[in-house]
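Q: Dropping in start-v5.cif, with mmCIF, C-alpha atoms and all ligand atoms.
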data_work
loop_
_atom_site.group_PDB
_atom_site.id
_atom_site.type_symbol
_atom_site.label_atom_id
_atom_site.label_comp_id
_atom_site.auth_asym_id
_atom_site.auth_seq_id
_atom_site.Cartn_x
_atom_site.Cartn_y
_atom_site.Cartn_z
ATOM 1 C CA MET P 1 -0.530 -19.311 18.161
ATOM 2 C CA THR P 2 -0.979 -18.257 14.573
ATOM 3 C CA LEU P 3 -0.519 -15.172 12.358
ATOM 4 C CA GLU P 4 -3.032 -16.550 9.853
ATOM 5 C CA THR P 5 -5.016 -13.800 8.190
ATOM 6 C CA THR P 6 -8.197 -14.006 6.169
ATOM 7 C CA PHE P 7 -8.289 -11.153 3.664
ATOM 8 C CA ALA P 8 -11.157 -10.856 1.234
ATOM 9 C CA THR P 9 -11.793 -14.518 0.315
ATOM 10 C CA PHE P 10 -8.147 -15.459 0.705
ATOM 11 C CA ASP P 11 -6.109 -16.966 3.545
ATOM 12 C CA PHE P 12 -2.566 -15.792 4.191
ATOM 13 C CA THR P 13 -0.069 -17.373 6.581
ATOM 14 C CA ASN P 14 0.737 -13.915 7.948
ATOM 15 C CA PRO P 15 -0.418 -10.320 7.351
ATOM 16 C CA PHE P 16 2.905 -8.960 6.085
ATOM 17 C CA MET P 17 3.653 -7.828 2.539
ATOM 18 C CA ASN P 18 5.710 -5.210 0.731
ATOM 19 C CA ALA P 19 4.374 -1.746 0.058
ATOM 20 C CA SER P 20 3.941 -1.237 -3.678
ATOM 21 C CA GLY P 21 7.012 0.433 -5.081
ATOM 22 C CA VAL P 22 9.532 -1.252 -2.812
ATOM 23 C CA HIS P 23 11.415 -4.347 -4.039
ATOM 24 C CA CYS P 24 8.819 -5.052 -6.718
ATOM 25 C CA MET P 25 9.869 -3.368 -9.984
ATOM 26 C CA THR P 26 11.266 -6.469 -11.712
ATOM 27 C CA THR P 27 10.364 -10.161 -11.761
ATOM 28 C CA ASP P 28 13.686 -10.846 -10.011
ATOM 29 C CA GLU P 29 12.723 -8.592 -7.109
ATOM 30 C CA LEU P 30 9.217 -10.090 -7.024
ATOM 31 C CA LYS P 31 10.720 -13.584 -6.931
ATOM 32 C CA GLU P 32 12.728 -12.611 -3.834
ATOM 33 C CA LEU P 33 9.514 -11.464 -2.148
ATOM 34 C CA GLU P 34 7.761 -14.682 -3.152
ATOM 35 C CA GLU P 35 10.611 -16.690 -1.593
ATOM 36 C CA SER P 36 10.656 -14.534 1.562
ATOM 37 C CA ALA P 37 8.554 -15.034 4.698
ATOM 38 C CA ALA P 38 6.067 -12.390 3.483
ATOM 39 C CA GLY P 39 2.455 -13.576 3.556
ATOM 40 C CA ALA P 40 1.732 -11.808 0.248
ATOM 41 C CA TYR P 41 3.323 -9.304 -2.133
ATOM 42 C CA ILE P 42 2.360 -6.587 -4.604
ATOM 43 C CA THR P 43 3.777 -5.281 -7.888
ATOM 44 C CA LYS P 44 5.147 -1.780 -8.484
ATOM 45 C CA SER P 45 2.314 0.551 -9.524
ATOM 46 C CA ALA P 46 1.999 0.158 -13.278
ATOM 47 C CA THR P 47 1.250 2.892 -15.775
ATOM 48 C CA LEU P 48 0.032 1.958 -19.240
ATOM 49 C CA GLU P 49 3.409 2.728 -20.859
ATOM 50 C CA LYS P 50 6.831 2.012 -19.403
ATOM 51 C CA ARG P 51 8.248 4.979 -17.474
ATOM 52 C CA ALA P 52 11.803 5.961 -16.569
ATOM 53 C CA GLY P 53 10.511 8.114 -13.722
ATOM 54 C CA ASN P 54 12.211 11.145 -12.223
ATOM 55 C CA PRO P 55 15.937 11.964 -12.408
ATOM 56 C CA SER P 56 18.229 10.717 -9.623
ATOM 57 C CA PRO P 57 18.999 11.178 -6.807
ATOM 58 C CA ARG P 58 15.340 10.368 -6.186
ATOM 59 C CA TYR P 59 15.429 8.152 -3.075
ATOM 60 C CA ILE P 60 17.369 8.801 0.147
ATOM 61 C CA ASP P 61 17.412 6.691 3.316
ATOM 62 C CA LEU P 62 17.186 8.858 6.433
ATOM 63 C CA PRO P 63 17.889 8.072 10.112
ATOM 64 C CA LEU P 64 14.153 7.872 10.859
ATOM 65 C CA GLY P 65 12.771 6.949 7.444
ATOM 66 C CA SER P 66 13.107 8.006 3.827
ATOM 67 C CA ILE P 67 12.310 10.603 1.217
ATOM 68 C CA ASN P 68 11.471 9.644 -2.380
ATOM 69 C CA SER P 69 10.372 11.201 -5.595
ATOM 70 C CA MET P 70 10.618 8.185 -7.884
ATOM 71 C CA GLY P 71 7.978 9.440 -10.306
ATOM 72 C CA LEU P 72 6.321 6.079 -11.018
ATOM 73 C CA PRO P 73 9.191 4.388 -12.844
ATOM 74 C CA ASN P 74 7.913 0.991 -13.995
ATOM 75 C CA LEU P 75 8.169 -1.507 -16.820
ATOM 76 C CA GLY P 76 4.645 -0.889 -18.100
ATOM 77 C CA PHE P 77 1.253 -2.447 -17.542
ATOM 78 C CA GLU P 78 1.712 -5.418 -19.934
ATOM 79 C CA TYR P 79 4.932 -6.476 -18.169
ATOM 80 C CA TYR P 80 3.174 -6.827 -14.821
ATOM 81 C CA LEU P 81 -0.019 -8.303 -16.277
ATOM 82 C CA ASP P 82 2.042 -10.967 -18.048
ATOM 83 C CA TYR P 83 3.872 -11.631 -14.770
ATOM 84 C CA VAL P 84 0.762 -12.068 -12.603
ATOM 85 C CA LEU P 85 -1.051 -14.200 -15.214
ATOM 86 C CA GLU P 86 1.939 -16.534 -15.456
ATOM 87 C CA LYS P 87 2.572 -16.552 -11.694
ATOM 88 C CA GLN P 88 -0.992 -17.305 -10.670
ATOM 89 C CA LYS P 89 -0.866 -20.609 -12.582
ATOM 90 C CA SER P 90 1.438 -21.991 -9.870
ATOM 91 C CA GLN P 91 0.951 -19.488 -7.049
ATOM 92 C CA THR P 92 -1.096 -20.647 -4.097
ATOM 93 C CA SER P 93 -1.925 -17.347 -2.362
ATOM 94 C CA PRO P 94 -3.224 -14.562 -4.614
ATOM 95 C CA LEU P 95 -1.102 -11.766 -5.946
ATOM 96 C CA PHE P 96 -1.713 -8.049 -5.554
ATOM 97 C CA PHE P 97 -1.461 -5.995 -8.759
ATOM 98 C CA SER P 98 -0.978 -2.207 -8.383
ATOM 99 C CA VAL P 99 -2.005 0.307 -11.049
ATOM 100 C CA ALA P 100 -1.508 4.081 -11.108
ATOM 101 C CA GLY P 101 -2.791 5.626 -14.313
ATOM 102 C CA MET P 102 -1.460 9.003 -15.396
ATOM 103 C CA SER P 103 -5.096 10.017 -15.869
ATOM 104 C CA PRO P 104 -8.525 8.702 -14.891
ATOM 105 C CA ALA P 105 -8.915 7.439 -18.450
ATOM 106 C CA GLU P 106 -5.663 5.487 -18.180
ATOM 107 C CA ASN P 107 -6.857 3.942 -14.905
ATOM 108 C CA LEU P 108 -10.089 2.842 -16.591
ATOM 109 C CA GLN P 109 -8.144 1.418 -19.523
ATOM 110 C CA MET P 110 -5.886 -0.690 -17.284
ATOM 111 C CA LEU P 111 -8.745 -1.820 -15.044
ATOM 112 C CA THR P 112 -10.774 -2.833 -18.106
ATOM 113 C CA ALA P 113 -7.849 -4.945 -19.290
ATOM 114 C CA ILE P 114 -7.587 -6.574 -15.851
ATOM 115 C CA GLN P 115 -11.336 -7.214 -15.734
ATOM 116 C CA GLU P 116 -11.216 -8.855 -19.170
ATOM 117 C CA SER P 117 -8.118 -10.893 -18.309
ATOM 118 C CA ASP P 118 -7.855 -14.164 -16.387
ATOM 119 C CA PHE P 119 -6.303 -12.374 -13.390
ATOM 120 C CA THR P 120 -7.827 -13.819 -10.209
ATOM 121 C CA GLY P 121 -5.870 -11.835 -7.619
ATOM 122 C CA ILE P 122 -6.413 -8.483 -5.942
ATOM 123 C CA THR P 123 -5.992 -5.125 -7.696
ATOM 124 C CA GLU P 124 -4.743 -2.030 -5.869
ATOM 125 C CA LEU P 125 -5.709 1.290 -7.466
ATOM 126 C CA ASN P 126 -3.066 3.813 -6.406
ATOM 127 C CA LEU P 127 -4.820 7.168 -6.032
ATOM 128 C CA SER P 128 -2.024 8.821 -4.099
ATOM 129 C CA CYS P 129 1.358 9.026 -5.809
ATOM 130 C CA PRO P 130 2.729 12.448 -4.798
ATOM 131 C CA ASN P 131 5.716 12.485 -7.112
ATOM 132 C CA VAL P 132 4.684 13.012 -10.722
ATOM 133 C CA PRO P 133 5.210 16.724 -11.455
ATOM 134 C CA GLY P 134 1.937 18.314 -12.456
ATOM 135 C CA LYS P 135 -0.117 15.252 -11.496
ATOM 136 C CA PRO P 136 -2.211 15.767 -8.364
ATOM 137 C CA GLN P 137 -2.798 13.101 -5.746
ATOM 138 C CA LEU P 138 -6.254 12.197 -7.010
ATOM 139 C CA ALA P 139 -7.551 11.118 -3.599
ATOM 140 C CA TYR P 140 -7.198 14.686 -2.328
ATOM 141 C CA ASP P 141 -9.918 15.631 -4.821
ATOM 142 C CA PHE P 142 -13.053 14.091 -3.310
ATOM 143 C CA GLY P 143 -15.284 14.813 -6.303
ATOM 144 C CA ALA P 144 -12.821 13.284 -8.742
ATOM 145 C CA THR P 145 -12.407 10.244 -6.479
ATOM 146 C CA GLN P 146 -16.166 9.712 -6.304
ATOM 147 C CA SER P 147 -16.488 10.048 -10.089
ATOM 148 C CA LEU P 148 -13.642 7.663 -10.804
ATOM 149 C CA LEU P 149 -14.951 4.997 -8.424
ATOM 150 C CA GLU P 150 -18.429 5.283 -9.967
ATOM 151 C CA GLU P 151 -16.927 4.651 -13.408
ATOM 152 C CA VAL P 152 -14.708 1.824 -12.134
ATOM 153 C CA PHE P 153 -17.429 -0.107 -10.335
ATOM 154 C CA ALA P 154 -19.754 0.159 -13.327
ATOM 155 C CA PHE P 155 -17.642 -2.639 -14.869
ATOM 156 C CA PHE P 156 -14.951 -3.868 -12.448
ATOM 157 C CA LYS P 157 -16.124 -6.985 -10.585
ATOM 158 C CA LYS P 158 -12.865 -8.402 -9.239
ATOM 159 C CA PRO P 159 -11.381 -7.666 -5.765
ATOM 160 C CA LEU P 160 -10.209 -4.019 -5.686
ATOM 161 C CA GLY P 161 -8.593 -1.826 -3.054
ATOM 162 C CA VAL P 162 -7.520 1.806 -3.157
ATOM 163 C CA LYS P 163 -4.163 3.216 -1.925
ATOM 164 C CA LEU P 164 -4.870 6.497 -0.189
ATOM 165 C CA PRO P 165 -2.705 9.411 0.853
ATOM 166 C CA PRO P 166 -2.760 10.447 4.508
ATOM 167 C CA TYR P 167 -5.531 12.787 5.616
ATOM 168 C CA PHE P 168 -5.113 15.154 8.556
ATOM 169 C CA ASP P 169 -8.592 16.481 9.289
ATOM 170 C CA LEU P 170 -11.423 14.465 10.907
ATOM 171 C CA VAL P 171 -13.892 16.095 8.507
ATOM 172 C CA HIS P 172 -11.837 14.714 5.613
ATOM 173 C CA PHE P 173 -11.980 11.221 7.148
ATOM 174 C CA ASP P 174 -15.788 11.612 7.362
ATOM 175 C CA GLN P 175 -16.097 12.865 3.786
ATOM 176 C CA MET P 176 -13.768 10.216 2.346
ATOM 177 C CA ALA P 177 -15.471 7.414 4.295
ATOM 178 C CA GLU P 178 -18.857 8.591 3.014
ATOM 179 C CA ILE P 179 -17.555 8.220 -0.536
ATOM 180 C CA LEU P 180 -15.785 4.884 -0.011
ATOM 181 C CA ASN P 181 -18.790 3.312 1.753
ATOM 182 C CA GLN P 182 -20.809 3.680 -1.447
ATOM 183 C CA PHE P 183 -18.672 1.097 -3.262
ATOM 184 C CA PRO P 184 -17.999 -2.661 -3.032
ATOM 185 C CA LEU P 185 -14.347 -2.094 -2.226
ATOM 186 C CA THR P 186 -12.350 -5.011 -0.871
ATOM 187 C CA TYR P 187 -10.064 -2.744 1.091
ATOM 188 C CA VAL P 188 -8.554 0.648 1.713
ATOM 189 C CA ASN P 189 -4.785 0.928 2.075
ATOM 190 C CA SER P 190 -3.671 3.762 4.353
ATOM 191 C CA VAL P 191 -1.209 5.416 3.941
ATOM 192 C CA ASN P 192 0.964 6.301 1.002
ATOM 193 C CA SER P 193 3.997 8.478 1.801
ATOM 194 C CA ILE P 194 3.309 11.906 3.286
ATOM 195 C CA GLY P 195 3.659 13.954 0.135
ATOM 196 C CA ASN P 196 6.100 16.751 -0.577
ATOM 197 C CA GLY P 197 8.288 16.849 2.475
ATOM 198 C CA LEU P 198 11.687 18.564 2.300
ATOM 199 C CA VAL P 199 14.997 17.214 3.624
ATOM 200 C CA ILE P 200 18.131 19.353 3.758
ATOM 201 C CA ASP P 201 21.847 18.522 3.752
ATOM 202 C CA THR P 202 23.191 21.371 5.907
ATOM 203 C CA GLU P 203 26.783 20.591 4.950
ATOM 204 C CA ALA P 204 26.010 21.246 1.294
ATOM 205 C CA GLU P 205 23.226 23.688 2.170
ATOM 206 C CA ALA P 206 21.159 21.850 -0.413
ATOM 207 C CA VAL P 207 18.187 19.544 -0.781
ATOM 208 C CA VAL P 208 18.935 15.797 -0.996
ATOM 209 C CA ILE P 209 16.833 14.664 -3.977
ATOM 210 C CA LYS P 210 16.856 16.128 -7.480
ATOM 211 C CA PRO P 211 13.196 16.131 -8.604
ATOM 212 C CA LYS P 212 10.813 18.933 -7.719
ATOM 213 C CA ASP P 213 13.481 21.103 -6.003
ATOM 214 C CA GLY P 214 13.874 18.405 -3.352
ATOM 215 C CA PHE P 215 10.213 17.888 -2.469
ATOM 216 C CA GLY P 216 9.377 14.209 -1.953
ATOM 217 C CA GLY P 217 7.221 11.647 -0.198
ATOM 218 C CA ILE P 218 8.219 10.938 3.407
ATOM 219 C CA GLY P 219 8.140 7.380 4.753
ATOM 220 C CA GLY P 220 9.312 5.412 7.766
ATOM 221 C CA GLN P 221 9.212 6.183 11.484
ATOM 222 C CA TYR P 222 8.407 9.825 10.733
ATOM 223 C CA ILE P 223 4.943 8.870 9.492
ATOM 224 C CA LYS P 224 3.819 6.115 11.879
ATOM 225 C CA PRO P 225 1.539 8.349 14.028
ATOM 226 C CA THR P 226 -0.148 9.623 10.877
ATOM 227 C CA ALA P 227 -0.441 6.130 9.432
ATOM 228 C CA LEU P 228 -1.958 4.741 12.652
ATOM 229 C CA ALA P 229 -4.485 7.588 12.775
ATOM 230 C CA ASN P 230 -5.554 6.971 9.172
ATOM 231 C CA VAL P 231 -5.902 3.216 9.734
ATOM 232 C CA ARG P 232 -7.972 3.850 12.885
ATOM 233 C CA ALA P 233 -10.078 6.602 11.322
ATOM 234 C CA PHE P 234 -11.106 4.448 8.364
ATOM 235 C CA TYR P 235 -11.503 1.279 10.452
ATOM 236 C CA THR P 236 -14.015 3.071 12.653
ATOM 237 C CA ARG P 237 -15.853 4.735 9.745
ATOM 238 C CA LEU P 238 -15.987 2.177 6.917
ATOM 239 C CA LYS P 239 -18.555 -0.608 6.610
ATOM 240 C CA PRO P 240 -17.078 -3.893 7.905
ATOM 241 C CA GLU P 241 -16.935 -5.420 4.397
ATOM 242 C CA ILE P 242 -14.134 -2.970 3.558
ATOM 243 C CA GLN P 243 -10.953 -4.181 5.226
ATOM 244 C CA ILE P 244 -7.928 -1.990 5.970
ATOM 245 C CA ILE P 245 -4.309 -2.465 4.914
ATOM 246 C CA GLY P 246 -1.997 -0.590 7.263
ATOM 247 C CA THR P 247 1.090 0.987 5.706
ATOM 248 C CA GLY P 248 3.510 3.457 7.223
ATOM 249 C CA GLY P 249 6.298 3.263 9.781
ATOM 250 C CA ILE P 250 6.264 -0.517 10.298
ATOM 251 C CA GLU P 251 9.801 -1.611 11.223
ATOM 252 C CA ASN P 252 9.254 -4.156 14.003
ATOM 253 C CA GLY P 253 6.714 -6.364 15.744
ATOM 254 C CA GLN P 254 5.518 -3.550 17.964
ATOM 255 C CA ASP P 255 4.742 -1.272 15.007
ATOM 256 C CA ALA P 256 2.835 -4.163 13.438
ATOM 257 C CA PHE P 257 0.934 -4.783 16.675
ATOM 258 C CA GLU P 258 -0.047 -1.113 16.818
ATOM 259 C CA HIS P 259 -1.409 -1.134 13.263
ATOM 260 C CA LEU P 260 -3.387 -4.312 14.013
ATOM 261 C CA LEU P 261 -4.784 -2.770 17.223
ATOM 262 C CA CYS P 262 -6.002 0.136 15.056
ATOM 263 C CA GLY P 263 -7.867 -2.340 12.852
ATOM 264 C CA ALA P 264 -5.522 -3.235 9.997
ATOM 265 C CA SER P 265 -5.924 -6.684 8.431
ATOM 266 C CA MET P 266 -2.815 -6.737 6.218
ATOM 267 C CA LEU P 267 0.401 -4.813 6.850
ATOM 268 C CA GLN P 268 2.594 -3.322 4.124
ATOM 269 C CA ILE P 269 6.251 -2.490 4.698
ATOM 270 C CA GLY P 270 8.055 0.075 2.547
ATOM 271 C CA THR P 271 11.017 2.033 3.930
ATOM 272 C CA ALA P 272 12.144 -0.675 6.358
ATOM 273 C CA LEU P 273 12.026 -3.252 3.539
ATOM 274 C CA GLN P 274 14.078 -0.917 1.360
ATOM 275 C CA LYS P 275 16.696 -0.683 4.114
ATOM 276 C CA GLU P 276 16.758 -4.294 5.352
ATOM 277 C CA GLY P 277 15.682 -6.366 2.362
ATOM 278 C CA PRO P 278 13.224 -9.286 2.311
ATOM 279 C CA ALA P 279 14.840 -10.853 5.404
ATOM 280 C CA ILE P 280 12.759 -8.349 7.386
ATOM 281 C CA PHE P 281 9.696 -10.559 6.988
ATOM 282 C CA GLU P 282 11.271 -13.432 8.965
ATOM 283 C CA ARG P 283 12.322 -11.044 11.751
ATOM 284 C CA ILE P 284 9.068 -9.143 12.029
ATOM 285 C CA THR P 285 6.836 -12.238 12.046
ATOM 286 C CA GLN P 286 8.874 -13.615 14.950
ATOM 287 C CA GLU P 287 8.689 -10.287 16.788
ATOM 288 C CA LEU P 288 4.909 -10.102 16.390
ATOM 289 C CA GLU P 289 4.518 -13.705 17.543
ATOM 290 C CA ALA P 290 6.631 -12.929 20.631
ATOM 291 C CA ILE P 291 4.413 -9.963 21.519
ATOM 292 C CA MET P 292 1.247 -12.025 21.059
ATOM 293 C CA THR P 293 2.641 -14.839 23.198
ATOM 294 C CA ALA P 294 3.642 -12.410 25.964
ATOM 295 C CA LYS P 295 0.115 -10.994 25.951
ATOM 296 C CA GLY P 296 -1.611 -14.381 25.775
ATOM 297 C CA TYR P 297 -3.136 -13.888 22.328
ATOM 298 C CA HIS P 298 -3.587 -16.953 20.087
ATOM 299 C CA SER P 299 -4.665 -15.223 16.903
ATOM 300 C CA ILE P 300 -4.704 -11.700 15.492
ATOM 301 C CA ASP P 301 -8.496 -11.651 15.752
ATOM 302 C CA ASP P 302 -8.059 -11.749 19.545
ATOM 303 C CA PHE P 303 -6.974 -8.084 19.442
ATOM 304 C CA ARG P 304 -7.458 -6.643 15.933
ATOM 305 C CA GLY P 305 -9.221 -3.293 16.086
ATOM 306 C CA LYS P 306 -9.539 -3.384 19.885
ATOM 307 C CA LEU P 307 -7.607 -0.194 20.598
ATOM 308 C CA LYS P 308 -8.952 1.311 23.782
ATOM 309 C CA SER P 309 -9.897 4.960 24.249
ATOM 310 C CA LEU P 310 -9.270 6.578 27.621
HETATM 311 O O1 LIG P 401 2.595 6.128 -4.893
HETATM 312 C C1 LIG P 401 3.809 6.370 -4.780
HETATM 313 N N1 LIG P 401 4.292 6.777 -3.589
HETATM 314 C C2 LIG P 401 5.573 7.134 -3.413
HETATM 315 O O2 LIG P 401 5.943 7.555 -2.305
HETATM 316 N N2 LIG P 401 6.448 7.034 -4.467
HETATM 317 C C3 LIG P 401 6.066 6.364 -5.637
HETATM 318 C C4 LIG P 401 6.710 6.968 -6.875
HETATM 319 O O3 LIG P 401 7.177 8.128 -6.823
HETATM 320 O O4 LIG P 401 6.674 6.268 -7.899
HETATM 321 N N3 LIG P 401 4.672 6.253 -5.836
#
Go ahead and render the structure in this file as structure tokens.
A:
Amino acid sequence: MTLETTFATFDFTNPFMNASGVHCMTTDELKELEESAAGAYITKSATLEKRAGNPSPRYIDLPLGSINSMGLPNLGFEYYLDYVLEKQKSQTSPLFFSVAGMSPAENLQMLTAIQESDFTGITELNLSCPNVPGKPQLAYDFGATQSLLEEVFAFFKKPLGVKLPPYFDLVHFDQMAEILNQFPLTYVNSVNSIGNGLVIDTEAEAVVIKPKDGFGGIGGQYIKPTALANVRAFYTRLKPEIQIIGTGGIENGQDAFEHLLCGASMLQIGTALQKEGPAIFERITQELEAIMTAKGYHSIDDFRGKLKSL
């Protein structure tokens, strides 16, 4: 029985990692992930310049998930590039480096710097942050996404994945897959939070987060059905060379099993990691192993992607 996962040209002991943005802002947080049972981990999405992000309260835990409008607070591109370049000297499994430019030009600038650097890990291009006022979720603009990826792959030759927002229309899955299949992407990561939800405190008769009149990205159990659908939709539409990272609503071994059944290769945990801390990785690996044992599976490949239709 093993949770070993081959992703791109890398081997991980298990498919679990943090979702970018959670427990990965500082090198101290990243060190805790490195020392946890996670199979891999990823940095907070970097912008070129350091950002304070949105005013607080900007993250609230909810009974069934979370709402956030962080606004891409981060310590700046150079901070994370320095970290990954130093880390990879001793690190065995590769690191994931997330970037989220405030403009297409800023994305190209950061990706150029990564291409020209000694970074040997995997880059995640975040096309789906819903929380910067005035900044659209780029991946909802299909033309802009196509154009950006054309510019990126004219020069970027290292492993690259894209973090996508959830889509809700089968025609959009078809259109997005048609775009993504044109490029040598390593993976697609579905989903980012469901953008611009609204949570109300009826006692105070008020919203619960300060930015954007309370509108924020929804995560956790609320979004699992949407996350599973996006993982499945892209798994069944993308060329096999493009793997899928499943993100959204993973709290236990069963949620992980469901994402793997849909076709995910790696699994990112956000809200549940925020609530439980890095100890979650020990728990969830054991829970997934227990499910696999009960079902007689010896490896994840025995069932990955094999969701049955009726
Ligand atoms: O891509 C992101 N998704 C989120 O849900 N929040 C963060 C953020 O607001 O920084 N970014």
Q: Give as a PDB file with C-alpha atoms, keeping the file's coordinate frame the residues surrounding ligand LIG 401 (chain P) up to a distance of 10 Å, considering all atoms listed in the file.
A:
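Listing of result-v1.pdb after writing:
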ATOM      1  CA  ALA P  19       4.374  -1.746   0.058  1.00  0.00           C
ATOM      2  CA  SER P  20       3.941  -1.237  -3.678  1.00  0.00           C
ATOM      3  CA  GLY P  21       7.012   0.433  -5.081  1.00  0.00           C
ATOM      4  CA  VAL P  22       9.532  -1.252  -2.812  1.00  0.00           C
ATOM      5  CA  LYS P  44       5.147  -1.780  -8.484  1.00  0.00           C
ATOM      6  CA  SER P  45       2.314   0.551  -9.524  1.00  0.00           C
ATOM      7  CA  ALA P  46       1.999   0.158 -13.278  1.00  0.00           C
ATOM      8  CA  ARG P  51       8.248   4.979 -17.474  1.00  0.00           C
ATOM      9  CA  GLY P  53      10.511   8.114 -13.722  1.00  0.00           C
ATOM     10  CA  ASN P  54      12.211  11.145 -12.223  1.00  0.00           C
ATOM     11  CA  ARG P  58      15.340  10.368  -6.186  1.00  0.00           C
ATOM     12  CA  TYR P  59      15.429   8.152  -3.075  1.00  0.00           C
ATOM     13  CA  SER P  66      13.107   8.006   3.827  1.00  0.00           C
ATOM     14  CA  ILE P  67      12.310  10.603   1.217  1.00  0.00           C
ATOM     15  CA  ASN P  68      11.471   9.644  -2.380  1.00  0.00           C
ATOM     16  CA  SER P  69      10.372  11.201  -5.595  1.00  0.00           C
ATOM     17  CA  MET P  70      10.618   8.185  -7.884  1.00  0.00           C
ATOM     18  CA  GLY P  71       7.978   9.440 -10.306  1.00  0.00           C
ATOM     19  CA  LEU P  72       6.321   6.079 -11.018  1.00  0.00           C
ATOM     20  CA  PRO P  73       9.191   4.388 -12.844  1.00  0.00           C
ATOM     21  CA  ASN P  74       7.913   0.991 -13.995  1.00  0.00           C
ATOM     22  CA  SER P  98      -0.978  -2.207  -8.383  1.00  0.00           C
ATOM     23  CA  VAL P  99      -2.005   0.307 -11.049  1.00  0.00           C
ATOM     24  CA  ALA P 100      -1.508   4.081 -11.108  1.00  0.00           C
ATOM     25  CA  LEU P 125      -5.709   1.290  -7.466  1.00  0.00           C
ATOM     26  CA  ASN P 126      -3.066   3.813  -6.406  1.00  0.00           C
ATOM     27  CA  LEU P 127      -4.820   7.168  -6.032  1.00  0.00           C
ATOM     28  CA  SER P 128      -2.024   8.821  -4.099  1.00  0.00           C
ATOM     29  CA  CYS P 129       1.358   9.026  -5.809  1.00  0.00           C
ATOM     30  CA  PRO P 130       2.729  12.448  -4.798  1.00  0.00           C
ATOM     31  CA  ASN P 131       5.716  12.485  -7.112  1.00  0.00           C
ATOM     32  CA  VAL P 132       4.684  13.012 -10.722  1.00  0.00           C
ATOM     33  CA  PRO P 133       5.210  16.724 -11.455  1.00  0.00           C
ATOM     34  CA  GLN P 137      -2.798  13.101  -5.746  1.00  0.00           C
ATOM     35  CA  LYS P 163      -4.163   3.216  -1.925  1.00  0.00           C
ATOM     36  CA  LEU P 164      -4.870   6.497  -0.189  1.00  0.00           C
ATOM     37  CA  PRO P 165      -2.705   9.411   0.853  1.00  0.00           C
ATOM     38  CA  VAL P 191      -1.209   5.416   3.941  1.00  0.00           C
ATOM     39  CA  ASN P 192       0.964   6.301   1.002  1.00  0.00           C
ATOM     40  CA  SER P 193       3.997   8.478   1.801  1.00  0.00           C
ATOM     41  CA  ILE P 194       3.309  11.906   3.286  1.00  0.00           C
ATOM     42  CA  GLY P 195       3.659  13.954   0.135  1.00  0.00           C
ATOM     43  CA  ASN P 196       6.100  16.751  -0.577  1.00  0.00           C
ATOM     44  CA  GLY P 216       9.377  14.209  -1.953  1.00  0.00           C
ATOM     45  CA  GLY P 217       7.221  11.647  -0.198  1.00  0.00           C
ATOM     46  CA  ILE P 218       8.219  10.938   3.407  1.00  0.00           C
ATOM     47  CA  GLY P 219       8.140   7.380   4.753  1.00  0.00           C
ATOM     48  CA  GLY P 270       8.055   0.075   2.547  1.00  0.00           C
ATOM     49  CA  THR P 271      11.017   2.033   3.930  1.00  0.00           C
TER      50      THR P 271
END
Q: Tell me which protein, DNA and RNA residues are within 8 Å of Tyr80 of chain P, counting all atoms listed in the file, leaving out same-chain ones fewer than 5 positions away, and put them as a ChimeraX atom specification.
A: /P:43,46,75,97
Q: I'd like to see the residues matched by the PyMOL selection byres (((chain P and resi 173) around 12) and not hetatm) on this file, and ideally I'd get them as an MDAnalysis selection string.
A: chainID P and resid 139:140 142 164:172 174:181 190 229:238
Q: For the residues in the current selection, export C-alpha atoms as a JSON list (two decimals), in the coordinates of the input.
A:
[["chain", "number", "residue", "atom", "x", "y", "z"],
["P", 139, "ALA", "CA", -7.55, 11.12, -3.60],
["P", 140, "TYR", "CA", -7.20, 14.69, -2.33],
["P", 142, "PHE", "CA", -13.05, 14.09, -3.31],
["P", 164, "LEU", "CA", -4.87, 6.50, -0.19],
["P", 165, "PRO", "CA", -2.70, 9.41, 0.85],
["P", 166, "PRO", "CA", -2.76, 10.45, 4.51],
["P", 167, "TYR", "CA", -5.53, 12.79, 5.62],
["P", 168, "PHE", "CA", -5.11, 15.15, 8.56],
["P", 169, "ASP", "CA", -8.59, 16.48, 9.29],
["P", 170, "LEU", "CA", -11.42, 14.46, 10.91],
["P", 171, "VAL", "CA", -13.89, 16.10, 8.51],
["P", 172, "HIS", "CA", -11.84, 14.71, 5.61],
["P", 174, "ASP", "CA", -15.79, 11.61, 7.36],
["P", 175, "GLN", "CA", -16.10, 12.86, 3.79],
["P", 176, "MET", "CA", -13.77, 10.22, 2.35],
["P", 177, "ALA", "CA", -15.47, 7.41, 4.30],
["P", 178, "GLU", "CA", -18.86, 8.59, 3.01],
["P", 179, "ILE", "CA", -17.56, 8.22, -0.54],
["P", 180, "LEU", "CA", -15.78, 4.88, -0.01],
["P", 181, "ASN", "CA", -18.79, 3.31, 1.75],
["P", 190, "SER", "CA", -3.67, 3.76, 4.35],
["P", 229, "ALA", "CA", -4.49, 7.59, 12.78],
["P", 230, "ASN", "CA", -5.55, 6.97, 9.17],
["P", 231, "VAL", "CA", -5.90, 3.22, 9.73],
["P", 232, "ARG", "CA", -7.97, 3.85, 12.88],
["P", 233, "ALA", "CA", -10.08, 6.60, 11.32],
["P", 234, "PHE", "CA", -11.11, 4.45, 8.36],
["P", 235, "TYR", "CA", -11.50, 1.28, 10.45],
["P", 236, "THR", "CA", -14.02, 3.07, 12.65],
["P", 237, "ARG", "CA", -15.85, 4.74, 9.74],
["P", 238, "LEU", "CA", -15.99, 2.18, 6.92]]
Q: On this file, the PyMOL selection byres (((chain P and resi 283) around 12) and not hetatm) gives some set of residues; write that set as a list of chain:residue names.
A: P:Phe16, P:Ser36, P:Ala37, P:Ala38, P:Glu251, P:Asn252, P:Gly253, P:Gln254, P:Ala256, P:Ala272, P:Leu273, P:Glu276, P:Gly277, P:Pro278, P:Ala279, P:Ile280, P:Phe281, P:Glu282, P:Ile284, P:Thr285, P:Gln286, P:Glu287, P:Leu288, P:Glu289, P:Ala290
